[in-house]
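Asks: Have a peek at run.txt (compact mmCIF, C-alpha atoms).
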```
# COMPACT_ATOMS: atom_id res chain seq x y z
CA MET A 1 23.74 16.93 -16.55
CA ASN A 2 22.83 13.47 -17.82
CA ILE A 3 19.59 12.18 -16.24
CA ASP A 4 18.86 8.54 -17.09
CA VAL A 5 15.50 8.07 -15.40
CA LEU A 6 12.82 10.38 -14.03
CA VAL A 7 10.23 8.75 -11.78
CA ALA A 8 6.99 10.68 -11.29
CA GLU A 9 4.86 10.16 -8.18
CA ILE A 10 1.43 11.50 -9.10
CA GLY A 11 -0.32 12.03 -5.78
CA SER A 12 -3.83 13.22 -5.01
CA THR A 13 -2.60 16.79 -4.42
CA THR A 14 1.11 16.91 -5.36
CA THR A 15 3.16 15.50 -8.23
CA LEU A 16 6.84 14.77 -7.54
CA VAL A 17 9.58 13.86 -9.99
CA ASN A 18 12.75 12.15 -8.74
CA ALA A 19 15.81 12.25 -11.00
CA PHE A 20 18.40 9.46 -11.17
CA ALA A 21 21.68 9.12 -13.07
CA GLY A 22 24.28 6.39 -13.58
CA ILE A 23 21.57 3.73 -13.62
CA ASN A 24 23.67 1.29 -15.67
CA THR A 25 26.88 1.89 -13.71
CA ASP A 26 28.20 0.69 -10.34
CA GLU A 27 27.36 4.11 -8.86
CA PRO A 28 23.72 5.04 -9.53
CA ARG A 29 22.86 8.45 -8.05
CA PHE A 30 19.76 10.24 -6.81
CA ILE A 31 20.16 13.76 -8.21
CA GLY A 32 17.16 15.69 -6.92
CA GLN A 33 13.42 16.20 -6.76
CA GLY A 34 10.92 18.63 -8.23
CA GLN A 35 7.27 19.12 -7.35
CA ALA A 36 4.10 20.82 -8.52
CA PRO A 37 0.34 20.58 -7.83
CA THR A 38 -1.30 17.51 -9.40
CA SER A 39 -3.44 18.50 -12.38
CA VAL A 40 -5.64 15.42 -12.94
CA LEU A 41 -8.77 17.32 -11.83
CA GLU A 42 -7.94 20.06 -14.34
CA GLY A 43 -8.29 17.43 -17.04
CA ASP A 44 -4.66 16.87 -18.00
CA VAL A 45 -2.02 15.13 -15.87
CA ARG A 46 0.74 16.62 -18.08
CA ILE A 47 0.35 20.12 -16.56
CA GLY A 48 1.48 18.86 -13.13
CA LEU A 49 4.17 16.62 -14.61
CA GLU A 50 5.61 19.48 -16.67
CA GLY A 51 5.42 21.78 -13.62
CA ALA A 52 7.36 19.26 -11.49
CA VAL A 53 10.03 18.88 -14.21
CA GLU A 54 10.30 22.70 -14.42
CA ASP A 55 10.71 22.87 -10.62
CA LEU A 56 13.44 20.20 -10.80
CA LYS A 57 15.21 22.24 -13.50
CA ASN A 58 15.17 25.35 -11.28
CA ARG A 59 16.38 23.46 -8.20
CA LEU A 60 19.28 21.93 -10.13
CA GLY A 61 20.12 25.27 -11.78
CA LEU A 62 19.85 23.86 -15.31
CA ASP A 63 18.75 25.53 -18.54
CA LYS A 64 17.01 22.39 -19.74
CA ILE A 65 16.05 18.96 -18.39
CA GLU A 66 16.86 16.03 -20.66
CA TYR A 67 16.27 12.45 -19.58
CA GLY A 68 16.28 8.96 -21.02
CA GLU A 69 12.93 7.66 -19.78
CA MET A 70 10.13 8.40 -17.32
CA LEU A 71 8.43 5.88 -15.03
CA ALA A 72 5.50 6.69 -12.74
CA THR A 73 3.47 5.77 -9.71
CA SER A 74 0.00 7.17 -9.16
CA SER A 75 -2.48 7.56 -6.34
CA ALA A 76 -4.33 10.40 -8.08
CA ALA A 77 -8.08 10.45 -8.76
CA GLY A 78 -8.80 8.39 -5.66
CA GLY A 79 -6.04 5.84 -6.28
CA LEU A 80 -6.79 2.29 -7.41
CA ARG A 81 -10.31 1.55 -6.13
CA MET A 82 -11.11 -2.15 -6.08
CA CYS A 83 -14.04 -4.35 -5.09
CA VAL A 84 -13.41 -7.99 -4.16
CA HIS A 85 -15.91 -10.84 -4.16
CA GLY A 86 -15.40 -14.40 -2.92
CA LEU A 87 -17.06 -17.40 -1.32
CA VAL A 88 -16.12 -17.61 2.39
CA TYR A 89 -15.00 -14.42 4.13
CA ASP A 90 -12.17 -15.95 6.17
CA MET A 91 -10.84 -17.81 3.13
CA THR A 92 -11.22 -16.60 -0.46
CA VAL A 93 -12.43 -13.09 0.41
CA LYS A 94 -9.53 -12.37 2.79
CA ALA A 95 -7.08 -13.83 0.26
CA ALA A 96 -8.51 -11.59 -2.50
CA GLN A 97 -8.35 -8.55 -0.19
CA ALA A 98 -4.71 -9.32 0.66
CA ALA A 99 -3.85 -9.50 -3.06
CA ALA A 100 -5.63 -6.19 -3.77
CA LEU A 101 -4.08 -4.35 -0.81
CA GLY A 102 -0.63 -5.76 -1.58
CA ALA A 103 -0.94 -4.41 -5.12
CA GLY A 104 -1.64 -0.92 -3.73
CA ALA A 105 -5.41 -0.79 -4.00
CA ILE A 106 -8.04 0.80 -1.78
CA VAL A 107 -10.64 -1.93 -1.21
CA THR A 108 -13.96 -0.08 -1.22
CA MET A 109 -16.18 -3.18 -0.98
CA ALA A 110 -15.87 -6.88 -0.16
CA THR A 111 -18.61 -9.54 -0.27
CA ALA A 112 -18.79 -13.22 0.63
CA GLY A 113 -21.18 -15.71 -0.96
CA LYS A 114 -23.74 -14.97 -3.65
CA MET A 115 -24.19 -11.23 -4.20
CA SER A 116 -27.63 -9.83 -3.31
CA GLU A 117 -29.41 -7.07 -5.24
CA TYR A 118 -28.22 -4.65 -2.53
CA ASP A 119 -24.62 -5.82 -3.04
CA ILE A 120 -25.00 -5.14 -6.76
CA GLU A 121 -26.40 -1.65 -6.03
CA ASP A 122 -23.44 -0.95 -3.72
CA LEU A 123 -21.01 -2.23 -6.36
CA VAL A 124 -22.41 0.13 -9.01
CA ALA A 125 -22.38 3.04 -6.54
CA SER A 126 -18.74 2.44 -5.56
CA ARG A 127 -17.54 2.92 -9.18
CA PRO A 128 -14.50 0.63 -8.89
CA ASN A 129 -11.49 0.91 -11.18
CA LEU A 130 -11.03 -2.85 -10.98
CA ILE A 131 -13.04 -5.87 -9.74
CA LEU A 132 -11.36 -8.98 -8.32
CA LEU A 133 -13.57 -12.06 -8.42
CA ALA A 134 -12.57 -15.18 -6.47
CA GLY A 135 -14.38 -18.12 -4.92
CA GLY A 136 -13.90 -21.83 -4.37
CA THR A 137 -10.72 -23.83 -3.94
CA ASP A 138 -9.44 -25.50 -7.12
CA TYR A 139 -11.83 -28.33 -8.03
CA GLY A 140 -14.11 -27.27 -5.18
CA GLU A 141 -17.30 -25.17 -5.14
CA ARG A 142 -18.08 -23.62 -8.53
CA GLU A 143 -21.59 -22.15 -8.42
CA THR A 144 -21.01 -18.97 -6.38
CA ALA A 145 -18.29 -17.47 -8.60
CA LEU A 146 -20.32 -18.19 -11.75
CA TYR A 147 -23.44 -16.64 -10.20
CA ASN A 148 -21.48 -13.52 -9.13
CA ALA A 149 -19.82 -13.22 -12.54
CA ALA A 150 -23.23 -13.22 -14.23
CA ARG A 151 -24.62 -10.59 -11.80
CA ILE A 152 -21.58 -8.32 -12.24
CA ALA A 153 -21.75 -8.65 -16.03
CA GLU A 154 -25.43 -7.59 -15.96
CA THR A 155 -24.51 -4.26 -14.33
CA ARG A 156 -22.82 -3.09 -17.54
CA LEU A 157 -19.97 -1.67 -15.44
CA LYS A 158 -16.95 -1.25 -17.67
CA ALA A 159 -14.40 -1.79 -14.87
CA PRO A 160 -12.04 -4.59 -15.91
CA VAL A 161 -12.42 -7.87 -14.01
CA ILE A 162 -9.68 -10.20 -12.74
CA TYR A 163 -10.79 -13.76 -12.00
CA ALA A 164 -8.67 -15.57 -9.39
CA GLY A 165 -10.94 -18.38 -8.22
CA ASN A 166 -11.57 -22.10 -8.84
CA VAL A 167 -9.53 -23.09 -11.91
CA GLN A 168 -12.47 -25.10 -13.29
CA ASN A 169 -14.48 -21.89 -13.81
CA GLN A 170 -11.92 -19.99 -15.87
CA ARG A 171 -13.40 -20.56 -19.35
CA ALA A 172 -16.97 -20.01 -18.19
CA VAL A 173 -16.14 -16.75 -16.38
CA MET A 174 -14.18 -15.46 -19.40
CA ASP A 175 -17.16 -16.28 -21.61
CA ILE A 176 -19.65 -14.45 -19.33
CA PHE A 177 -17.63 -11.21 -19.43
CA LYS A 178 -16.72 -11.51 -23.11
CA LYS A 179 -20.43 -11.62 -24.01
CA ALA A 180 -20.99 -8.51 -21.83
CA GLY A 181 -18.13 -6.64 -23.54
CA VAL A 182 -16.12 -6.41 -20.28
CA SER A 183 -12.35 -6.94 -20.12
CA CYS A 184 -11.58 -10.05 -18.05
CA THR A 185 -8.15 -11.40 -17.13
CA VAL A 186 -7.69 -14.84 -15.59
CA THR A 187 -4.95 -15.70 -13.13
CA GLU A 188 -4.14 -18.40 -10.56
CA ASN A 189 -6.51 -19.02 -7.66
CA VAL A 190 -5.74 -16.83 -4.62
CA TYR A 191 -6.87 -19.70 -2.35
CA PRO A 192 -6.18 -22.92 -4.33
CA LYS A 193 -6.64 -25.29 -1.39
CA LEU A 194 -7.51 -25.10 2.29
CA ASP A 195 -5.01 -23.12 4.36
CA LYS A 196 -2.93 -22.14 1.32
CA LEU A 197 -2.64 -18.56 0.08
CA ASN A 198 -1.38 -17.80 -3.43
CA ILE A 199 -1.72 -14.03 -3.84
CA GLU A 200 1.47 -13.06 -5.74
CA PRO A 201 0.17 -13.98 -9.25
CA ALA A 202 -3.00 -11.89 -8.66
CA ARG A 203 -0.94 -8.98 -7.28
CA LYS A 204 1.20 -8.90 -10.44
CA ILE A 205 -1.85 -9.12 -12.72
CA ILE A 206 -3.49 -6.22 -10.83
CA HIS A 207 -0.43 -4.06 -11.62
CA LYS A 208 -0.59 -5.07 -15.29
CA VAL A 209 -4.32 -4.36 -15.63
CA PHE A 210 -3.96 -1.06 -13.69
CA GLU A 211 -1.28 0.07 -16.14
CA GLU A 212 -3.41 -0.86 -19.15
CA HIS A 213 -6.49 0.99 -17.88
CA ILE A 214 -5.14 3.99 -15.91
CA ILE A 215 -4.43 5.75 -19.21
CA LYS A 216 -8.20 5.82 -19.86
CA ALA A 217 -9.04 7.54 -16.55
CA PRO A 218 -10.25 11.18 -16.73
CA GLY A 219 -7.29 13.54 -16.68
CA MET A 220 -4.82 10.68 -17.22
CA GLU A 221 -5.48 10.13 -20.94
CA HIS A 222 -2.27 11.87 -22.05
CA ILE A 223 0.05 10.31 -19.46
CA ARG A 224 1.73 8.21 -22.15
CA ASP A 225 2.85 11.41 -23.89
CA MET A 226 5.45 11.76 -21.12
CA VAL A 227 5.66 8.47 -19.20
CA THR A 228 7.51 5.91 -21.32
CA GLY A 229 7.87 3.01 -18.86
CA SER A 230 5.88 1.32 -16.09
CA ILE A 231 3.00 2.98 -14.20
CA MET A 232 2.11 1.46 -10.81
CA PRO A 233 -0.19 2.33 -7.90
CA THR A 234 2.03 4.22 -5.41
CA PRO A 235 1.41 1.90 -2.41
CA GLY A 236 2.04 -1.10 -4.67
CA ALA A 237 5.39 0.41 -5.64
CA VAL A 238 6.28 0.79 -1.95
CA MET A 239 5.50 -2.92 -1.46
CA GLU A 240 7.85 -3.75 -4.35
CA ALA A 241 10.57 -1.71 -2.62
CA VAL A 242 10.01 -3.46 0.73
CA GLN A 243 10.22 -6.86 -0.97
CA LEU A 244 13.42 -5.79 -2.73
CA ILE A 245 15.13 -4.74 0.52
CA TYR A 246 13.87 -7.91 2.27
CA ASN A 247 16.18 -9.90 -0.03
CA GLU A 248 19.08 -7.88 1.38
CA ILE A 249 18.26 -7.44 5.10
CA GLY A 250 15.67 -10.13 5.90
CA ASP A 251 12.34 -9.87 7.74
CA VAL A 252 11.16 -6.26 7.69
CA VAL A 253 8.21 -3.97 8.37
CA ALA A 254 7.79 -0.49 6.83
CA VAL A 255 5.46 2.21 8.15
CA ASP A 256 4.18 5.22 6.17
CA ILE A 257 2.07 7.66 8.21
CA GLY A 258 0.44 10.06 5.76
CA GLY A 259 -2.01 12.92 5.79
CA ALA A 260 -5.02 10.72 4.97
CA THR A 261 -4.01 7.11 5.76
CA THR A 262 -1.40 5.04 7.55
CA ASP A 263 0.08 2.14 5.57
CA VAL A 264 2.01 -0.77 7.06
CA HIS A 265 3.93 -3.19 4.80
CA SER A 266 5.56 -6.34 6.14
CA VAL A 267 7.60 -9.06 4.44
CA THR A 268 8.21 -12.03 6.73
CA GLY A 269 7.39 -15.70 7.02
CA GLY A 270 7.18 -15.45 10.82
CA SER A 271 8.75 -17.88 13.27
CA GLU A 272 8.38 -21.67 13.53
CA GLU A 273 7.40 -21.30 17.18
CA ILE A 274 4.34 -19.20 16.29
CA GLY A 275 3.68 -21.11 13.07
CA ILE A 276 2.44 -24.21 14.92
CA LEU A 277 -0.07 -22.03 16.84
CA MET A 278 -1.55 -20.27 13.77
CA THR A 279 -5.26 -20.74 13.13
CA SER A 280 -5.24 -19.58 9.45
CA PRO A 281 -2.67 -18.63 6.79
CA GLU A 282 -1.37 -15.10 6.28
CA PRO A 283 0.39 -13.60 3.21
CA PHE A 284 4.20 -13.55 3.21
CA ALA A 285 4.11 -9.94 1.97
CA LYS A 286 1.22 -8.05 3.55
CA ARG A 287 -0.04 -4.46 3.35
CA THR A 288 -2.71 -2.89 5.51
CA VAL A 289 -4.09 0.60 4.96
CA GLU A 290 -5.90 2.42 7.77
CA GLY A 291 -8.25 5.00 6.27
CA ASP A 292 -9.16 6.47 9.67
CA LEU A 293 -5.56 7.18 10.72
CA GLY A 294 -4.24 10.25 8.89
CA LEU A 295 -2.34 13.20 10.34
CA TYR A 296 -4.35 15.84 8.48
CA VAL A 297 -7.54 14.52 6.89
CA ASN A 298 -8.25 12.32 9.93
CA ALA A 299 -6.58 14.42 12.64
CA LYS A 300 -9.91 14.76 14.51
CA ASN A 301 -10.26 10.96 14.69
CA LEU A 302 -6.85 10.68 16.33
CA ILE A 303 -7.55 13.56 18.71
CA GLU A 304 -10.80 11.87 19.80
CA ARG A 305 -8.94 8.59 20.38
CA ILE A 306 -6.47 10.25 22.75
CA GLY A 307 -8.81 12.92 24.18
CA GLU A 308 -8.50 16.66 23.62
CA SER A 309 -8.00 17.57 27.28
CA ALA A 310 -5.47 14.73 27.72
CA LEU A 311 -3.49 16.08 24.75
CA GLN A 312 -3.64 19.62 26.09
CA ASN A 313 -2.24 18.48 29.46
CA GLU A 314 0.37 16.13 28.00
CA LEU A 315 1.74 18.55 25.39
CA GLY A 316 1.18 21.84 27.23
CA ILE A 317 -0.49 23.45 24.21
CA ASP A 318 -3.70 25.37 23.56
CA MET A 319 -5.53 22.78 21.43
CA GLU A 320 -8.14 25.23 20.17
CA ALA A 321 -5.48 27.67 18.96
CA VAL A 322 -3.35 24.93 17.35
CA MET A 323 -6.33 23.36 15.54
CA ALA A 324 -7.61 26.76 14.33
CA ASN A 325 -4.76 26.84 11.80
CA TYR A 326 -3.69 23.19 11.61
CA LEU A 327 -1.69 22.53 8.42
CA PRO A 328 -0.65 19.38 6.48
CA ILE A 329 2.99 20.42 7.08
CA PRO A 330 3.40 21.86 10.61
CA LYS A 331 4.85 25.36 10.99
CA THR A 332 4.59 26.33 14.68
CA GLU A 333 6.01 24.62 17.78
CA GLY A 334 2.47 23.68 18.89
CA GLN A 335 1.67 22.17 15.50
CA PHE A 336 4.90 20.13 15.56
CA LYS A 337 4.12 18.82 19.06
CA LEU A 338 0.60 17.81 18.08
CA THR A 339 1.62 16.27 14.73
CA GLU A 340 4.31 14.15 16.41
CA ARG A 341 1.91 12.92 19.08
CA LEU A 342 -0.75 12.07 16.47
CA CYS A 343 1.94 10.39 14.39
CA ARG A 344 2.85 8.10 17.29
CA GLU A 345 -0.80 7.25 17.94
CA ALA A 346 -1.49 6.50 14.25
CA GLY A 347 1.60 4.28 14.00
CA LEU A 348 0.84 2.35 17.20
CA VAL A 349 -2.78 1.66 16.22
CA ALA A 350 -1.84 0.72 12.64
CA LEU A 351 0.84 -1.74 13.81
CA GLU A 352 -1.56 -3.26 16.34
CA ARG A 353 -4.09 -3.82 13.54
CA HIS A 354 -1.46 -5.17 11.13
CA ALA A 355 0.18 -7.60 13.54
CA GLY A 356 -1.55 -10.69 14.86
CA ALA A 357 -1.91 -11.59 18.51
CA LEU A 358 -1.85 -14.54 20.89
CA ARG A 359 -5.19 -15.60 22.28
CA TYR A 360 -6.25 -18.11 24.90
CA ILE A 361 -9.03 -20.58 24.19
CA TYR A 362 -10.54 -23.01 26.65
CA THR A 363 -11.11 -26.63 25.63
CA PRO A 364 -12.25 -29.74 27.54
CA SER A 365 -8.56 -30.56 28.05
CA GLY A 366 -7.72 -27.11 29.44
CA ARG A 367 -6.43 -23.74 28.25
CA LYS A 368 -4.69 -23.54 24.87
CA THR A 369 -2.79 -20.69 23.22
CA VAL A 370 -3.53 -19.91 19.58
CA ALA A 371 -2.06 -17.30 17.24
CA GLU A 372 -4.28 -15.25 14.93
CA GLY A 373 -3.18 -12.78 12.24
CA LYS A 374 0.18 -11.81 10.77
CA ASP A 375 3.23 -13.11 12.63
CA LEU A 376 5.86 -10.36 12.83
CA THR A 377 7.94 -11.98 15.59
CA ALA A 378 10.89 -12.62 13.24
CA VAL A 379 11.10 -8.96 12.10
CA LYS A 380 14.57 -7.48 12.67
CA THR A 381 14.13 -4.05 11.04
CA ILE A 382 11.48 -1.32 10.91
CA ILE A 383 11.66 1.31 8.16
CA GLY A 384 10.15 4.76 8.47
CA THR A 385 9.05 6.19 5.13
CA GLY A 386 6.63 8.93 4.04
CA GLY A 387 6.73 12.60 4.98
CA ALA A 388 6.11 12.31 8.73
CA LEU A 389 8.58 9.56 9.61
CA THR A 390 11.35 10.96 7.41
CA ARG A 391 10.97 14.70 8.08
CA LEU A 392 9.66 15.28 11.63
CA PRO A 393 12.36 16.51 14.08
CA HIS A 394 11.91 13.68 16.61
CA ARG A 395 11.59 10.85 14.09
CA GLU A 396 14.03 8.62 16.03
CA GLN A 397 11.90 8.70 19.18
CA LEU A 398 8.73 8.20 17.12
CA LEU A 399 10.00 5.14 15.26
CA ARG A 400 11.55 3.72 18.44
CA ALA A 401 8.13 3.94 20.12
CA LEU A 402 6.69 1.93 17.21
CA ALA A 403 9.54 -0.59 17.37
CA ASP A 404 9.05 -1.15 21.11
CA CYS A 405 5.25 -1.28 21.26
CA ASN A 406 4.86 -4.94 22.32
CA ALA A 407 5.08 -4.26 26.04
CA THR A 408 2.52 -6.95 27.00
CA GLY A 409 4.12 -9.66 24.85
CA MET A 410 0.72 -10.65 23.40
CA MET A 411 1.28 -9.06 19.97
CA LEU A 412 2.91 -11.26 17.31
CA TYR A 413 5.72 -8.73 17.24
CA PRO A 414 9.27 -8.60 18.66
CA LYS A 415 9.85 -7.64 22.28
CA PRO A 416 11.10 -4.08 23.03
CA SER A 417 14.69 -3.18 21.97
CA LYS A 418 14.90 -6.08 19.47
CA ILE A 419 14.26 -4.09 16.25
CA ARG A 420 16.69 -1.74 14.50
CA LEU A 421 15.50 1.52 12.95
CA LEU A 422 16.07 2.63 9.36
CA PHE A 423 14.80 5.77 7.61
CA ASP A 424 14.09 6.37 3.93
CA ASP A 425 16.11 9.60 4.08
CA ASP A 426 15.62 10.53 0.42
CA TYR A 427 11.90 9.61 0.60
CA ILE A 428 12.19 7.61 -2.63
CA MET A 429 10.92 4.10 -1.78
CA ALA A 430 7.92 4.33 -4.11
CA SER A 431 10.13 5.55 -6.97
CA LEU A 432 12.63 2.76 -6.37
CA GLY A 433 9.81 0.19 -6.25
CA VAL A 434 8.73 0.99 -9.80
CA MET A 435 12.36 1.36 -10.89
CA SER A 436 13.12 -2.14 -9.57
CA LYS A 437 10.91 -3.59 -12.32
CA HIS A 438 13.45 -2.33 -14.89
CA TYR A 439 16.69 -1.80 -12.96
CA PRO A 440 16.68 -4.01 -9.82
CA GLU A 441 20.41 -3.68 -9.07
CA ALA A 442 20.42 0.12 -9.32
CA ALA A 443 17.20 0.35 -7.27
CA LEU A 444 18.71 -1.79 -4.50
CA LYS A 445 21.91 0.30 -4.35
CA LEU A 446 19.93 3.54 -4.24
CA MET A 447 17.67 2.17 -1.52
CA LYS A 448 20.58 1.04 0.64
CA ARG A 449 22.02 4.55 0.33
CA SER A 450 18.70 6.20 1.26
CA LEU A 451 18.41 3.81 4.26
CA ASN A 452 22.07 4.39 5.25
CA ILE A 453 22.91 0.69 5.07
```
Here is the file; what I need is its structure written in the form of structure tokens.

Replies:
Amino acid sequence: MNIDVLVAEIGSTTTLVNAFAGINTDEPRFIGQGQAPTSVLEGDVRIGLEGAVEDLKNRLGLDKIEYGEMLATSSAAGGLRMCVHGLVYDMTVKAAQAAALGAGAIVTMATAGKMSEYDIEDLVASRPNLILLAGGTDYGERETALYNAARIAETRLKAPVIYAGNVQNQRAVMDIFKKAGVSCTVTENVYPKLDKLNIEPARKIIHKVFEEHIIKAPGMEHIRDMVTGSIMPTPGAVMEAVQLIYNEIGDVVAVDIGGATTDVHSVTGGSEEIGILMTSPEPFAKRTVEGDLGLYVNAKNLIERIGESALQNELGIDMEAVMANYLPIPKTEGQFKLTERLCREAGLVALERHAGALRYIYTPSGRKTVAEGKDLTAVKTIIGTGGALTRLPHREQLLRALADCNATGMMLYPKPSKIRLLFDDDYIMASLGVMSKHYPEAALKLMKRSLNI
């Protein structure tokens, strides 16, 4: 069997490999998937990769696996941990956060204004993989970003820095980090002028710097022995996939409810009607990650939100017995019932946090309506991806509940029954996101097939 491309998804616990053939033909095909435990903590990522390839070989009934190239996404070793620093929280800091999250990062720290000694202590303690420094509109305030660059350089942290602030500071910031022996990459300002976001250049640079430095991370040093092409953060690859399908189907939101977090990705410019009510700009492509909404790691958080006795009455299960042996992948009827209910709760809360809302303000001339946050009112399609929303038995009812959650009409989200449902049946969106960097046409065809379009 001729396999053109293998795409590895190196997760925190499991490594998957997805096999694809016919990449340069009119009929690209998804052949199959293998998996094995991730081996980064054992000191060598290759053990897990080789185990997943061996599993793929056994599943396909082959004597040997031969392939043209291997691409990869990774969320292993804590994923891409980033700290962002800007001038004003609601402006440059939020823009920098949006760029980092859109690239697939976990933002462990964000500061506004000049960093204090406590901020510097927290920065060192957070051990970021990457630091994003912003601050000042172009030709605006300069001092804060230069001050923060000098403080960060003094820490002797070796995490690479990306500077995406006031264009006038670029040479000075580069010089500060060069003298400290720290890698610094300059890109366009994430907030070049008032009420204008420009996060795409920073998002692309984050992917580039991640790929250059991930191979130095403990356990990942030998990844280039097997992976020949691009390496991206897994959530960043999902965002690439959502942007790719947007070009085909229009305004879209994708939800991935995982064991530890719930991610929401949206690609939409919103509606003109809401646009005139907006109080501040939002990114065209936006990702939010909710670290307190996970079906396994954070199951207790979700149970507390709903109430244990309320769940027991609603589902007709013995909560104590179900939780005594609660598994990442449910096995018993009680576990399935609980997982599906927690899945719905996680999705509803995550969408509510991702979407903006209408708000009334009172002025001397009377009541006015304003819109704050991401406008999803033009969204026509919601995609369910990830293990829960592609594999749970009642996935249709779950995703329909998420599609129809704007009962009050105050969310910046379509009214009930206005959104169609699609499912990433092959669970390959992340793989296709990284593949789209090399083979966009094949990735789009494979995604349409997985989504049954």

Asks: Would you mind telling me which residue in A:Met447, A:Cys343, A:Ile47, A:Ala260 lies nearest to A:Gln397 when using all atoms listed in the file?

Replies: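 Ranked by minimum distance to A:Gln397, first place goes to A:Cys343.
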
Asks: Report the distance between atom CA of A:Ile215 and atom CA of A:Asp292 in Å, rounded to one decimal place.

Replies: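 Separation of atom CA of A:Ile215 and atom CA of A:Asp292: 29.3 Å.
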
Asks: As a PyMOL selection string, please: the residues near A:Asp175 (cut-off 12 Å, only C-alpha atoms, same-chain neighbours under 6 positions excluded).

Replies: chain A and resi 146+149-150+153+163+169+181-186

Asks: May I have the residues within 9 Å of A:Ala95 as a PyMOL selection string, using only C-alpha atoms and disregarding those fewer than 3 positions away in the same chain?

Replies: chain A and resi 86+89-92+98-100+134+190-191+197-199+282-283

Asks: Mind checking which residues fall within 6 Å of A:Thr262, counting all atoms listed in the file, ignoring those fewer than 2 positions away in the same chain, and posting them as a PyMOL selection string?

Replies: chain A and resi 256-258+289-290+293

Asks: Considering only C-alpha atoms, state which residue in the set A:Asn189, A:Asn247, A:Lys374, A:Glu340 is at the smallest distance from A:Ser280.

Replies: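 Closest candidate: A:Lys374.
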
Asks: Would you list the contacts of A:Glu352 as an MDAnalysis selection string, taking every protein, DNA or RNA residue within 9 Å and counting only C-alpha atoms, but skipping same-chain residues closer than 6 positions in sequence?

Replies: chainID A and resid 405:406 411

Asks: Which residues, written as a PyMOL selection string, have at least one atom at most 8 Å from A:Asp424, with all atoms listed in the file counted and residues fewer than 4 positions away on the same chain left out?

Replies: chain A and resi 383-386+390+428-429+447+450-451

Asks: Expressed in Å to a single decimal, how great is the separation between atom CA of A:Thr377 and atom CA of A:Gly104?

Replies: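 For atom CA of A:Thr377 relative to atom CA of A:Gly104, the distance reads 24.2 Å.
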